[in-house]
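S.K.: There's a structure below that I have some questions on.
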Amino acid sequence: MKQGVKIALLGFGTVGQGTVELLTKNLDVIQNRISVPVIVDKIYVRNPDKYSHVALPATAAFVTDYKEILQDSSIDIVVEVMGGTTFARTCIEEAIIAGKHVVTANKDLLAEAGPYLMELATKHHVDLRFEASVAGAIPIIRALYDSFGSNQITEIMGILNGTTNFILSKMSEDGLGYEEVLKEAQDLGYAEADPTSDVEGYDAARKLAILGSIAFNKRIFFEDVSCEGITQIDASDIQFGKEFGYTIKLLGIARETKKGLSLNVHPAFIANTHPLASVRGSFNAVFLRGNGFDEAMFYGRGAGSLPTGSSIVSDVMEVARNVVQGKTGEMKQFYYPQKTMYSSSKIESAYYIRMTVDNSTGVLAKVATKLAEQRISAHSVIQRKADNDTATLAIITSKCPHAYIQNLIDSFNHLRVVREVGSVIRIMVE
Ligand code: NDP
Ligand code: HSE
């Protein structure tokens with residue numbers, strides 16, 4: 001019987017420290033549940049002095065050469081919490097080949113190479129776990145491959161990025177400015193090293209690719225997801241949305257129908273009564289549809305040190321159980337290489353359009369003519385004087401394919417009375 005399961009960390013930032021904190025704080029709980037202690041042994045960092053203020057468990061020591069971890073045959077599990085897709089990939093591949101189990105939070109890498117890494121892990125009879133890579137503390141990966149494994153999943157819809165949800169919530173509820181709230185999200189450890197990933201929707205797109213791969217059993221990568229971020233959203237859009245009875249969210253939506261797979265990340269207005277409207281701050285939520293369980297929704301903290309550490313430690317515990325029992329490769333996943341994509345331009349939605357127009361007579365008639373030419377109706381319109389010369393128009397349209405809206409915006413841009421089309425945002429009507 002093994003006396004303990006030894007782990008080593010690669011990286012010791014927000015998530016690495018949260019992982020060690022939880023392992024230390026819940027030492028007894030964890031040991032009771034898996035029957036052996038989890039021992040933090042080596043922690044690979046570039047500059048140990050940077051972390052001299054953090055108390056380490058007595059068993060742990062910093063190393064500055066990751067090979068020391070790979071060459072240490074007593075280490076069972078490598079926890080990769082550095083991020084990035086080059087060095088981290090090298091480390092993970094080398095760890096797998098060295099026969100070590102791997103736990104990672106690295107969605108960037110998984111959305112680029114997840115299926116290949118899974119195959120490599122299977123080939124070398126080790127576990128590769130990545131619950132922390134999507135939706136922080138929410139056990140959504142486990143739910144998809146395990147709890148709902150008997151179902152055909154048809155839809156995933158979720159708030160998958162804590163930083164943008166935090167930003168949109170604070171802008172909407174406290175009237176704070178975008179830059180100020182982004183800085184707060186960074187200080188709280190929610191944002192990626194380069195927050196462009198968060199605000200441009202890439203982080204949510206990567207998470208959607210990971211979820212889609214497991215849910216639909218296909219090789220889905222980041223580039224399969226069509227992606228729009230929140231950088232174009234203005235405080236006035238949030239305000240108009242409120243007047244129409246909507247809340248704005250950055251949504252990730254993946255569907256598999258007979259026509260093919262569609263994977264999209266974009267901001268969307270949802271009715272204030274929609275369950276996702278109440279998901280605020282750094283919280284995430286994932287809504288699933290399947291042909292057996294029907295509907296399910298998961299809610300929890302989507303980012304931050306301890307919430308992400310919680311998922312990492314759960315994975316470590318699952319792998320540790322396997323180590324103790326001498327089993328590996330429990331998460332068997334087969335990814336079909338073929339996939340048929342359904343173009344985003346064909347997906348129908350209602351739209352909110354905000355534009356600056358001349359403050360003169362006949363403008364509404366000209367705008368209405370363009371809508372009629374595209375066979376789109378305006379369900380609601382708010383017109384507000386901006387200054388002596390201009391007015392702001394906020395229009396809610398009927399449902400139509402995205403391609404029609406693009407044509408409509410092109411035609412607005414050619415109208416002399418339209419100064420600027422400021423925002424075009426989808427509205428989720430069901
Ligand atoms: P941090 O930037 O806080 O920490 C990263 C750590 O990795 C630092 O210790 C850093 O060391 C080290 N590191 C980075 N690159 C290298 C390298 N090339 N060689 C050696 N060490 C390196 O990031 P987080 O902890 O926030 O994120 C870690 C991972 O977890 C990422 O993949 C991220 O996407 C993911 N994640 C993050 C969440 C969060 O809420 N923060 C939630 C879910 C997933 P140094 O100090 O020397 O730079
Ligand atoms: N930057 C990510 C987010 C971290 O804000 O959701 C969690 O994956």
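Following the order of the structure tokens, chains are lettered A, B, ..., residues in each are numbered from 1, and ligands are numbered from 1.
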Would you tabulate, counting only C-alpha atoms and all ligand atoms, all residues of chain A that have an atom at most 8 Å from an atom of ligand 1, showing the closest pair of atoms and their distance in Å to one decimal, sorted by chain then ascending number, as CSV?

M.R.:
```
residue,atom,partner,partner_atom_place_in_ligand_line,distance
A:Leu10,CA,ligand 1,21 (N),6.6
A:Gly11,CA,ligand 1,7 (O),3.5
A:Phe12,CA,ligand 1,9 (O),3.7
A:Gly13,CA,ligand 1,4 (O),3.2
A:Thr14,CA,ligand 1,25 (O),3.7
A:Val15,CA,ligand 1,25 (O),3.7
A:Gly16,CA,ligand 1,25 (O),5.6
A:Gln17,CA,ligand 1,25 (O),7.6
A:Tyr44,CA,ligand 1,21 (N),7.0
A:Val45,CA,ligand 1,21 (N),5.0
A:Arg46,CA,ligand 1,47 (O),4.7
A:Asn47,CA,ligand 1,47 (O),5.8
A:Lys50,CA,ligand 1,46 (O),6.9
A:Glu80,CA,ligand 1,29 (C),7.5
A:Val81,CA,ligand 1,28 (C),4.3
A:Met82,CA,ligand 1,7 (O),3.3
A:Gly83,CA,ligand 1,32 (O),3.2
A:Gly84,CA,ligand 1,32 (O),6.2
A:Phe87,CA,ligand 1,18 (N),5.7
A:Ala88,CA,ligand 1,18 (N),7.0
A:Thr104,CA,ligand 1,30 (O),7.4
A:Ala105,CA,ligand 1,30 (O),4.5
A:Asn106,CA,ligand 1,32 (O),3.6
A:Lys107,CA,ligand 1,34 (O),5.9
A:Asp108,CA,ligand 1,34 (O),6.7
A:Leu109,CA,ligand 1,32 (O),7.9
A:Ala132,CA,ligand 1,43 (C),5.5
A:Ser133,CA,ligand 1,44 (C),5.0
A:Val134,CA,ligand 1,43 (C),6.7
A:Ala135,CA,ligand 1,43 (C),7.1
A:Gly136,CA,ligand 1,43 (C),5.2
A:Gly162,CA,ligand 1,40 (O),7.8
A:Gly189,CA,ligand 1,41 (N),5.2
A:Tyr190,CA,ligand 1,40 (O),4.4
A:Ala191,CA,ligand 1,41 (N),6.1
A:Glu192,CA,ligand 1,34 (O),5.9
A:Ala193,CA,ligand 1,2 (O),5.3
A:Gly302,CA,ligand 1,42 (C),6.9
A:Ala303,CA,ligand 1,40 (O),3.5
A:Gly304,CA,ligand 1,40 (O),3.6
A:Ser305,CA,ligand 1,40 (O),5.8
A:Pro307,CA,ligand 1,40 (O),7.7
A:Thr308,CA,ligand 1,42 (C),5.2
```

S.K.: Which of these, A:Asn407, A:Tyr145, A:Tyr66, A:Val323, has the shortest distance to Gln3 in chain A once you count only C-alpha atoms?

M.R.: A:Val323

S.K.: Env of His125 in chain A: 9 Å cut, atoms = only C-alpha atoms, seq-sep filter 6 positions within chain, self excluded. Answer as a compact mmCIF listing (two decimals) with C-alpha atoms, in the first residue's frame.

M.R.:
```txt
# COMPACT_ATOMS: atom_id res chain seq x y z
CA ILE A 96 3.37 11.93 -19.79
CA GLY A 99 4.96 8.04 -16.92
CA HIS A 101 -0.10 11.66 -14.45
CA LYS A 327 -5.42 1.94 -12.23
CA THR A 328 -4.95 4.59 -14.91
CA GLY A 329 -6.56 6.08 -18.00
```

S.K.: Applying 12 Å and only C-alpha atoms, which residues near Glu295 in chain A remain after dropping the ones on its own chain fewer than 3 positions away? List them as a count of residues only.

M.R.: 16

S.K.: Can you list, as a PyMOL selection string, all residues belonging to range 342-418 of chain A that DSSP tags as helix (DSSP H, G or I)?

M.R.: chain A and resi 344-346+363-373+402-413

S.K.: Quick check, in Å to one decimal: how far apart do atom 2 (C, counted along the ligand's line) of ligand 2 and CA of Thr231 in chain A lie?

M.R.: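 For atom 2 (C, counted along the ligand's line) of ligand 2 relative to CA of Thr231 in chain A, the distance reads 16.0 Å.
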
S.K.: Point out the residue among A:Ile425, A:Ala368, A:Met297, A:Ala350 with the least atom-to-atom distance to Pro401 in chain A, counting only C-alpha atoms.

M.R.: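 Answer, going by the shortest atom-to-atom distance: A:Ala350.
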
S.K.: Could you check the closest approach to ligand 2 for each of A:Lys339, A:Lys207, A:Lys370, A:His274 and tell me which residue wins, using only C-alpha atoms and all ligand atoms?

M.R.: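 For ligand 2, the nearest of the given residues is A:Lys207.
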
S.K.: Taking 5 positions as the minimum chain separation for residues in the same chain, which residues sit within 8 Å of Ile141 in chain A when counting only C-alpha atoms? Answer as a PDB file with N, CA and C atoms, in the first residue's frame.

M.R.:
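Final output, result_29.pdb:
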```pdb
ATOM      1  N   PHE A 130      -8.367  17.815 -16.486  1.00  0.00           N
ATOM      2  CA  PHE A 130      -8.347  19.253 -16.761  1.00  0.00           C
ATOM      3  C   PHE A 130      -9.653  19.953 -16.348  1.00  0.00           C
ATOM      4  N   GLU A 131     -10.216  19.492 -15.222  1.00  0.00           N
ATOM      5  CA  GLU A 131     -11.493  20.073 -14.764  1.00  0.00           C
ATOM      6  C   GLU A 131     -11.387  21.589 -14.581  1.00  0.00           C
ATOM      7  N   VAL A 134     -12.113  24.700 -17.446  1.00  0.00           N
ATOM      8  CA  VAL A 134     -13.391  25.316 -17.859  1.00  0.00           C
ATOM      9  C   VAL A 134     -14.237  25.641 -16.640  1.00  0.00           C
ATOM     10  N   LEU A 211     -15.337  21.958 -24.021  1.00  0.00           N
ATOM     11  CA  LEU A 211     -16.628  21.348 -23.672  1.00  0.00           C
ATOM     12  C   LEU A 211     -17.236  20.643 -24.875  1.00  0.00           C
ATOM     13  N   ILE A 214     -15.769  17.210 -25.707  1.00  0.00           N
ATOM     14  CA  ILE A 214     -16.207  16.111 -24.835  1.00  0.00           C
ATOM     15  C   ILE A 214     -17.686  15.807 -25.074  1.00  0.00           C
TER      16      ILE A 214
END
```

S.K.: Looking at A:Ser411, A:Thr361, A:Gln71, A:Thr196, which one is nearest to ligand 2, with distances taken over only C-alpha atoms and all ligand atoms?

M.R.: A:Thr196

S.K.: Here is a test: counting only C-alpha atoms and all ligand atoms, which residue of A:Asp187, A:Asp198, A:Asp315, A:Asp389 is nearest to ligand 2?

M.R.: A:Asp198

S.K.: One decimal, Å: what's the distance from CA of Ser147 in chain A over to CA of Leu263 in chain A, could you say?

M.R.: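 These atoms are spaced 22.7 Å apart.
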